[in-house]
Amino acid sequence: MYHAGDGKGDGNLNSIAVEICVNSDGNFNKALANAAELVKQIMNDENIPKSHIKQHHHWSGENCPGKIRENGEWDEFLQMVDDKKVESAPDREEEAQTVSSGSGGQEIVTLPASSNSWRSYPVDAASTKGNEKGFLRPSKFGGLQYDVLGHPQKNVVTINTDNFGKGNIYVAPDTGATISNGSSNQSDNSGGDSGKAGQLKIVGVNNAAIVMDKPNRNNSSNLGTVSKGDTLPLNGSVRGTGSDTGYYEVKYKGQLGYITGQYGKQV
């Protein structure tokens with residue numbers, strides 16, 4: 001069956017099509033992860049190199065896959081197929097083991113910037129592959145931090161996210177996650193390390209992005225603005241308050257500042 005839109009070209013005659021379908025009430029992130037796993041399986045079965053993965057757009061010029069192209073997530077999808085930057089998760093439930101109930105603000109869990117995708121699970125389901133309710137994106141924000149609300153099982157912590165609400169994540173040592181004392185909403189305003197996560201380029205604004213004194217767009221003071229296209233030393237990212245995309249922590253005029261996640265890109 002023709003699928004690529006290039007008549008009798010290589011797309012229709014010599015390629016395998018994978019369509020990502022999401023219901024109106026579905027989960028796009030999970031559909032994306034499922035598609036990546038399927039593509040990887042086809043590559044293994046048919047001995048297809050990663051360089052041969054093409055968008056529908058490549059064959060016909062159609063804006064497809066539309067949402068991936070709109071969000072600039074093609075490279076991220078290829079990384080998911082490569083499976084080198086997706087947090088590992090158990091294939092089966094570990095023996096239930098309540099460690100502690102915990103309380104927000106006493107501990108924070110840090111998800112490393114090297115991880116492209118991190119599974120978030122419902123609090124009432126096993127933290128195993130197939131039970132995901134969404135995927136966090138640490139690499140987009142130079143890493144992510146969350147308050148630990150509890151330790152319901154071995155290698156599992158409960159957190160609260162803006163996009164998926166309260167849920168569990170798998171944080172075994174081999175995932176790269178770290179747990180430390182503190183609070184994800186608090187930062188040392190003495191200046192700290194400068195540029196330890198590279199540079200932040202200002203994007204997604206008409207002219208300039210506002211730099212705030214704390215990661216809370218509803219309760220912060222403006223330190224100044226940075227013009228579109230300019231860069232600042234990037235320390236990492238925090239969840240903060242009032243933004244679904246979190247905040248980038250930057251060095252600005254000798255002190256720490258915060259820029260809403262949608263207005264920056266790690267470079």
# chains A, B, ... in the order shown; residues from 1 in each chain; ligands from 1
call {"tool": "residues_around", "arguments": {"residues": "Gly9 of chain A", "least_positions_apart": "6", "cutoff": "12 Å", "atoms": "only C-alpha atoms", "output": "list in words"}}
result
Tyr2, His3, Ser15, His58, Trp59 and Ser60 of chain A
call {"tool": "write_last_selection", "arguments": {"atoms": "C-alpha atoms", "output": "PDB file, in the first residue's frame"}}
result
ATOM      1  CA  TYR A   2       1.284   3.452  -0.882  1.00  0.00           C
ATOM      2  CA  HIS A   3       1.954   5.535   2.197  1.00  0.00           C
ATOM      3  CA  SER A  15      10.316   2.083   3.136  1.00  0.00           C
ATOM      4  CA  HIS A  58      11.263  13.763   3.619  1.00  0.00           C
ATOM      5  CA  TRP A  59       9.351  11.867   0.936  1.00  0.00           C
ATOM      6  CA  SER A  60       6.417  14.135   0.108  1.00  0.00           C
TER       7      SER A  60
END
call {"tool": "residues_around", "arguments": {"residues": "segment 119-125 of chain A", "least_positions_apart": "2", "cutoff": "6 Å", "atoms": "only C-alpha atoms", "output": "ChimeraX atom specification"}}
result
/A:127,132-135,167-169
call {"tool": "write_last_selection", "arguments": {"atoms": "C-alpha atoms", "output": "short mmCIF file (atom, residue, chain, number, x, y, z; two decimals), in the first residue's frame"}}
result
data_model
loop_
_atom_site.label_atom_id
_atom_site.label_comp_id
_atom_site.auth_asym_id
_atom_site.auth_seq_id
_atom_site.Cartn_x
_atom_site.Cartn_y
_atom_site.Cartn_z
CA SER A 127 6.19 1.62 38.44
CA GLU A 132 3.32 5.19 32.32
CA LYS A 133 0.95 8.14 32.44
CA GLY A 134 3.45 10.51 30.87
CA PHE A 135 7.09 11.32 30.22
CA GLY A 167 2.88 10.44 40.60
CA ASN A 168 5.77 8.06 41.08
CA ILE A 169 9.10 7.82 39.29
#
call {"tool": "closest_residue", "arguments": {"among": "A:Phe141, A:Asn222, A:Pro215, A:Ala177", "to": "Leu234 of chain A", "atoms": "only C-alpha atoms"}}
result
A:Phe141
call {"tool": "select_by_dssp", "arguments": {"residues": "segment 9-252 of chain A", "states": "strand (DSSP E or B)", "output": "JSON, numbers by chain"}}
result
{"A": [86, 100, 107, 108, 109, 110, 111, 117, 118, 119, 120, 121, 134, 135, 136, 144, 145, 146, 147, 150, 151, 152, 153, 156, 157, 158, 159, 160, 161, 165, 166, 167, 168, 169, 170, 178, 179, 180, 181, 199, 200, 201, 202, 208, 209, 210, 211, 212, 216, 222, 223, 224, 225, 226, 227, 231, 232, 233, 234, 235, 236, 237, 238, 241, 247, 248, 249, 250, 251, 252]}
call {"tool": "closest_atom_pairs", "arguments": {"of": "segment 133-225 of chain A", "to": "segment 109-116 of chain A", "cutoff": "9 Å", "atoms": "only C-alpha atoms", "output": "JSON lines"}}
result
{"residue": "A:Leu136", "atom": "CA", "partner": "A:Asn116", "partner_atom": "CA", "distance": 8.3}
{"residue": "A:Arg137", "atom": "CA", "partner": "A:Asn116", "partner_atom": "CA", "distance": 5.7}
{"residue": "A:Pro138", "atom": "CA", "partner": "A:Ala113", "partner_atom": "CA", "distance": 5.2}
{"residue": "A:Ser139", "atom": "CA", "partner": "A:Ala113", "partner_atom": "CA", "distance": 4.3}
{"residue": "A:Lys140", "atom": "CA", "partner": "A:Asn116", "partner_atom": "CA", "distance": 7.5}
{"residue": "A:Phe141", "atom": "CA", "partner": "A:Ala113", "partner_atom": "CA", "distance": 7.1}
{"residue": "A:Gly142", "atom": "CA", "partner": "A:Ala113", "partner_atom": "CA", "distance": 4.6}
{"residue": "A:Gly143", "atom": "CA", "partner": "A:Ala113", "partner_atom": "CA", "distance": 3.8}
{"residue": "A:Leu144", "atom": "CA", "partner": "A:Leu111", "partner_atom": "CA", "distance": 5.1}
{"residue": "A:Gln145", "atom": "CA", "partner": "A:Thr110", "partner_atom": "CA", "distance": 4.5}
{"residue": "A:Tyr146", "atom": "CA", "partner": "A:Val109", "partner_atom": "CA", "distance": 5.5}
{"residue": "A:Asp147", "atom": "CA", "partner": "A:Val109", "partner_atom": "CA", "distance": 6.5}
{"residue": "A:Val148", "atom": "CA", "partner": "A:Val109", "partner_atom": "CA", "distance": 6.3}
{"residue": "A:Val157", "atom": "CA", "partner": "A:Val109", "partner_atom": "CA", "distance": 8.4}
{"residue": "A:Ile159", "atom": "CA", "partner": "A:Val109", "partner_atom": "CA", "distance": 8.6}
{"residue": "A:Val171", "atom": "CA", "partner": "A:Val109", "partner_atom": "CA", "distance": 8.5}
{"residue": "A:Thr175", "atom": "CA", "partner": "A:Leu111", "partner_atom": "CA", "distance": 8.7}
{"residue": "A:Gly176", "atom": "CA", "partner": "A:Pro112", "partner_atom": "CA", "distance": 6.4}
{"residue": "A:Ala177", "atom": "CA", "partner": "A:Leu111", "partner_atom": "CA", "distance": 4.9}
{"residue": "A:Thr178", "atom": "CA", "partner": "A:Thr110", "partner_atom": "CA", "distance": 5.3}
{"residue": "A:Ile179", "atom": "CA", "partner": "A:Val109", "partner_atom": "CA", "distance": 4.4}
{"residue": "A:Ser180", "atom": "CA", "partner": "A:Val109", "partner_atom": "CA", "distance": 6.6}
{"residue": "A:Asn181", "atom": "CA", "partner": "A:Val109", "partner_atom": "CA", "distance": 8.8}
{"residue": "A:Ser184", "atom": "CA", "partner": "A:Val109", "partner_atom": "CA", "distance": 8.2}
{"residue": "A:Ala197", "atom": "CA", "partner": "A:Ala113", "partner_atom": "CA", "distance": 8.5}
call {"tool": "atom_distance", "arguments": {"atom1": "atom CA of Ile202 of chain A", "atom2": "atom CA of Val267 of chain A"}}
result
10.1 Å
call {"tool": "atom_distance", "arguments": {"atom1": "atom CA of Leu232 of chain A", "atom2": "atom CA of Tyr252 of chain A"}}
result
7.1 Å
call {"tool": "select_by_dssp", "arguments": {"residues": "segment 108-244 of chain A", "states": "helix (DSSP H, G or I)", "output": "PyMOL selection string"}}
result
chain A and resi 138-141+173-175
call {"tool": "closest_residue", "arguments": {"among": "A:Thr260, A:Gln199, A:Asn47, A:Asn29", "to": "Asn216 of chain A", "atoms": "only C-alpha atoms"}}
result
A:Thr260
call {"tool": "closest_residue", "arguments": {"among": "A:Ser51, A:Leu200, A:Ala31, A:Asn131", "to": "Lys67 of chain A", "atoms": "only C-alpha atoms"}}
result
A:Ala31
call {"tool": "closest_residue", "arguments": {"among": "A:Thr245, A:Glu107, A:Pro173, A:Gly257", "to": "Met212 of chain A", "atoms": "only C-alpha atoms"}}
result
A:Gly257
